[in-house]
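Working notes, structure below.
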Amino acid sequence: MACSCFPEDRPAARGGERYNFAAGPAMLPPTVLAQIQDELPNWQGSGLSVLEQPFTGAPFKDLMQQAEQDLRALLALPPNYRVLFLHGGASCQFALLPLNLLAPGQSADYLESGHWASKAIAEARRHTPLNIIASGRDNGFTALPEPGEWRLDPRAGYCHVTSNETANGLQLQHFPAIQAPLVADMTSDFLTRPLPVERFGLIYASAQKNLGVAGLCLLIVRDDLLGPPRAGLPSPFSYALQAEQQSRLCTPPTFALYCAALMLRWIGQQGGLAAMARAGRAKSQLLYRAVDASGFYHCRQRVADRSTVNVCFQLRDARLLPQFLAEAQRAGLYHLQGHGAVGGVRASLYNAMPLAGVERLLGFMHDFERRHG
Ligand SMILES: Cc1ncc(COP(=O)(O)O)c(C=O)c1O
């Protein structure tokens with residue numbers, strides 16, 4: 001019986017191009033996928049797969065060191081920031097941030113900007129009192145509150161923002177300099193643009209969108225925030241203890257780390273973060289312009305807050321959505337369905353999505369509109 005994940009008529013099987021617009025795990029650059037495939041049985045002439053490498057051996061330690069160096073070069077990371085390669089995804093950090101950064105009873109500020117910020121807030125609330133500095137809930141998370149409207153608590157241990165709301169298609173364009181350490185969930189737009197790193201106390205991102213495959217969470221933290229963890233926090237979840245042990249307090253997610261190392265190298269080869277940002281603007285503007293010019297599709301997000309990585313839009317006749325998605329998949333355009341909480345269409349244009357993928361999508365959208373408009 002055919003598996004529904006791999007339909008028989010999948011264009012790739014017939015030799016056609018395919019583009020994966022999934023919000024994550026996301027598309028990988030074909031050259032990176034080919035390298036993984038090529039060297040999987042025999043990594044660096046070791047006679048063993050990278051999957052079988054001891055994480056304490058010199059070759060794997062070198063890989064970790066090189067990945068960190070490449071990341072530092074891409075971000076121009078100042079020396080007082082540490083890089084951690086952790087298990088568990090961004091969702092784990094939702095709980096671990098207050099447990100690592102706050103004293104018991106100390107509160108934190110949170111910006112409620114959309115689906116993922118709401119998740120971060122709900123989890124943090126289980127561990128600490130917190131203050132919502134501003135919310136987009138009243139506008140259905142179609143626009144972000146202006147930084148001038150943030151009601152910051154001067155006693156907050158940190159201020160948490162979600163730099164890109166993956167489900168809602170909203171992205172913070174600027175990061176204000178504030179007094180409390182700024183903590184950002186950058187899971188969906190990490191390494192898609194240059195960053196004023198020194199404005200942040202901590203940045204974290206799951207890897208499966210712009211940095212390879214699932215299983216790894218990358219965390220960048222300023223030295224002075226690595227204080228003693230709360231009593232009772234298990235050691236592998238302590239940022240300070242992981243930093244002391246160069247992220248080897250327990251076995252790190254080695255395969256995901258290897259993929260991240262390849263992605264970091266690939267981003268550098270493409271011209272680094274400025275090049276990623278230029279490409280992201282070009283791809284997303286092409287799509288937003290077409291949607292705005294059409295009476296058939298429409299985008300609810302405020303123009304100034306629109307995401308360059310998750311372009312969300314609706315079909316004016318929502319009854320056509322299942323047909324749109326099914327025909328798109330047959331045309332080799334995969335996983336365009338919007339997030340369950342939002343609906344509609346979502347085209348995720350992470351670093352690995354080429355302009356050609358967006359052009360193919362536009363061609364399909366025009367054709368669909370011509371036939372159904
Ligand atoms: C902005 C954001 N934060 C957090 C997460 C959760 O990541 P994970 O499932 O790796 O914990 C996601 C996943 O899509 C996300 O987009």
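A note on labels: chains of the structure tokens are A, B, ... as shown, every chain counts residues from 1, and ligands are counted from 1 in their shown order.
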
TODO: Give as a list in words the residues surrounding ligand 1 up to a distance of 8 Å, considering only C-alpha atoms and all ligand atoms.
DONE: Ala23, Gly24, Gly88, Gly89, Ala90, Ser91, Cys92, Gln93, Trp116, Ala117, Ala120, Thr162, Ser163, Asn164, Glu165, Thr166, Ala167, Asp185, Met186, Thr187, Ser188, Ala205, Ser206, Ala207, Gln208, Ala214, Gly215, Leu216 and Cys217 of chain A

TODO: Pick out the residues sitting within 6 Å of His160 (chain A), and hand them over as a list in words; count only C-alpha atoms, and ignore anything fewer than 6 positions along from it in its own chain.
DONE: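 That gives Tyr110, Val183 and Ala184 of chain A.
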
Task: Shell around region 32-47 of chain A at 9 Å using only C-alpha atoms, local window under 3 positions removed, as a list in words - done: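 Answer for this query is Leu28, Pro29, Val50, Leu51, Gln53, Pro59, Cys259, Leu262, Met263 and Trp266 of chain A.
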
Task: Test item, strand (DSSP E) assignment across region 8-230 of chain A, answer as a VMD selection string - done: chain A and resid 19 to 20 81 to 86 108 to 112 130 to 135 159 to 162 164 to 165 170 to 171 182 to 185 200 to 206 217 to 222

Task: Long-range neighbours of region 71-86 of chain A as number ranges by chain, 9 Å cut-off, only C-alpha atoms, 4 positions minimum in chain - done: A: 64, 66-67, 191, 194-198, 201-202, 215-224, 236-237, 239, 242-243, 246-248, 252-253, 257, 261, 264-265, 267-268, 272-273

TODO: Considering only C-alpha atoms, state which residue in the set A:Thr308, A:Gln173, A:Gln269, A:Asn100 is at the smallest distance from Pro229 (chain A).
DONE: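 Closest candidate: A:Asn100.
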
- [ ] Have a look at A:Arg371, A:Arg230, A:Lys119, A:His174 and name the one nearest to Gly105 (chain A); count only C-alpha atoms.
- [x]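 Smallest separation from Gly105 (chain A) among the options: A:Arg230.
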
TODO: Go through A:Leu286, A:Ile178, A:Cys299, A:Ala277 and flag the residue nearest Asp109 (chain A), using only C-alpha atoms for the distances.
DONE: A:Ile178

Task: Separation of CA of Leu96 (chain A) from CA of Gly232 (chain A) in Å - done: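 Pair CA of Gly232 (chain A) / CA of Leu96 (chain A) returns 12.2 Å.
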
Open item on the list: Ranking A:Leu287, A:Leu325, A:Val303, A:Cys312 by minimum distance to Arg360 (chain A) and counting only C-alpha atoms, which one comes first?
Closed with: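 Comparing A:Leu287, A:Leu325, A:Val303, A:Cys312 against Arg360 (chain A), the winner is A:Leu287.
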
- [ ] Would you list the contacts of Ala275 (chain A) as a list in words, taking every protein, DNA or RNA residue within 9 Å and counting only C-alpha atoms, but skipping same-chain residues closer than 5 positions in sequence?
- [x]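 In the requested form, the answer reads Thr192, Arg193, Ile267, Gln270 and Gly280 of chain A.
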
Save the residues we just selected, C-alpha atoms, as a PDB file, in the first residue's frame?
```pdb
ATOM      1  CA  THR A 192      18.523  34.893   7.746  1.00  0.00           C
ATOM      2  CA  ARG A 193      19.850  38.436   8.365  1.00  0.00           C
ATOM      3  CA  ILE A 267      25.668  29.982   4.370  1.00  0.00           C
ATOM      4  CA  GLN A 270      26.641  31.928  -0.306  1.00  0.00           C
ATOM      5  CA  GLY A 280      15.032  36.623   1.643  1.00  0.00           C
TER       6      GLY A 280
END
```

- [ ] Please indicate the distance in Å from CA of Leu226 (chain A) to CA of Ala240 (chain A), rounded to one decimal place.
- [x]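 It comes out at 4.9 Å.
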
TODO: May I ask for the distance between CA of Asn351 (chain A) and CA of Leu170 (chain A), given in Å to one decimal place?
DONE: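 Here the two named atoms are 17.0 Å from each other.
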
TODO: Could you check which of A:Lys61, A:Phe190, A:Pro25, A:Pro176 is closest to Gln245 (chain A), using only C-alpha atoms?
DONE: A:Lys61

Task: helix (DSSP H, G or I) call set, DSSP backbone run, region 244-338 of chain A, as a PyMOL selection string - done: chain A and resi 244+254-269+272-293+303-305+318-330

TODO: Can you pull out every residue within 9 Å of Asn168 (chain A), counting only C-alpha atoms, but drop anything in the same chain fewer than 6 positions away, and send it as an NGL selection string?
DONE: :A and (113-116 or 141-142 or 301 or 307 or 310-312 or 338-339 or 341-342)
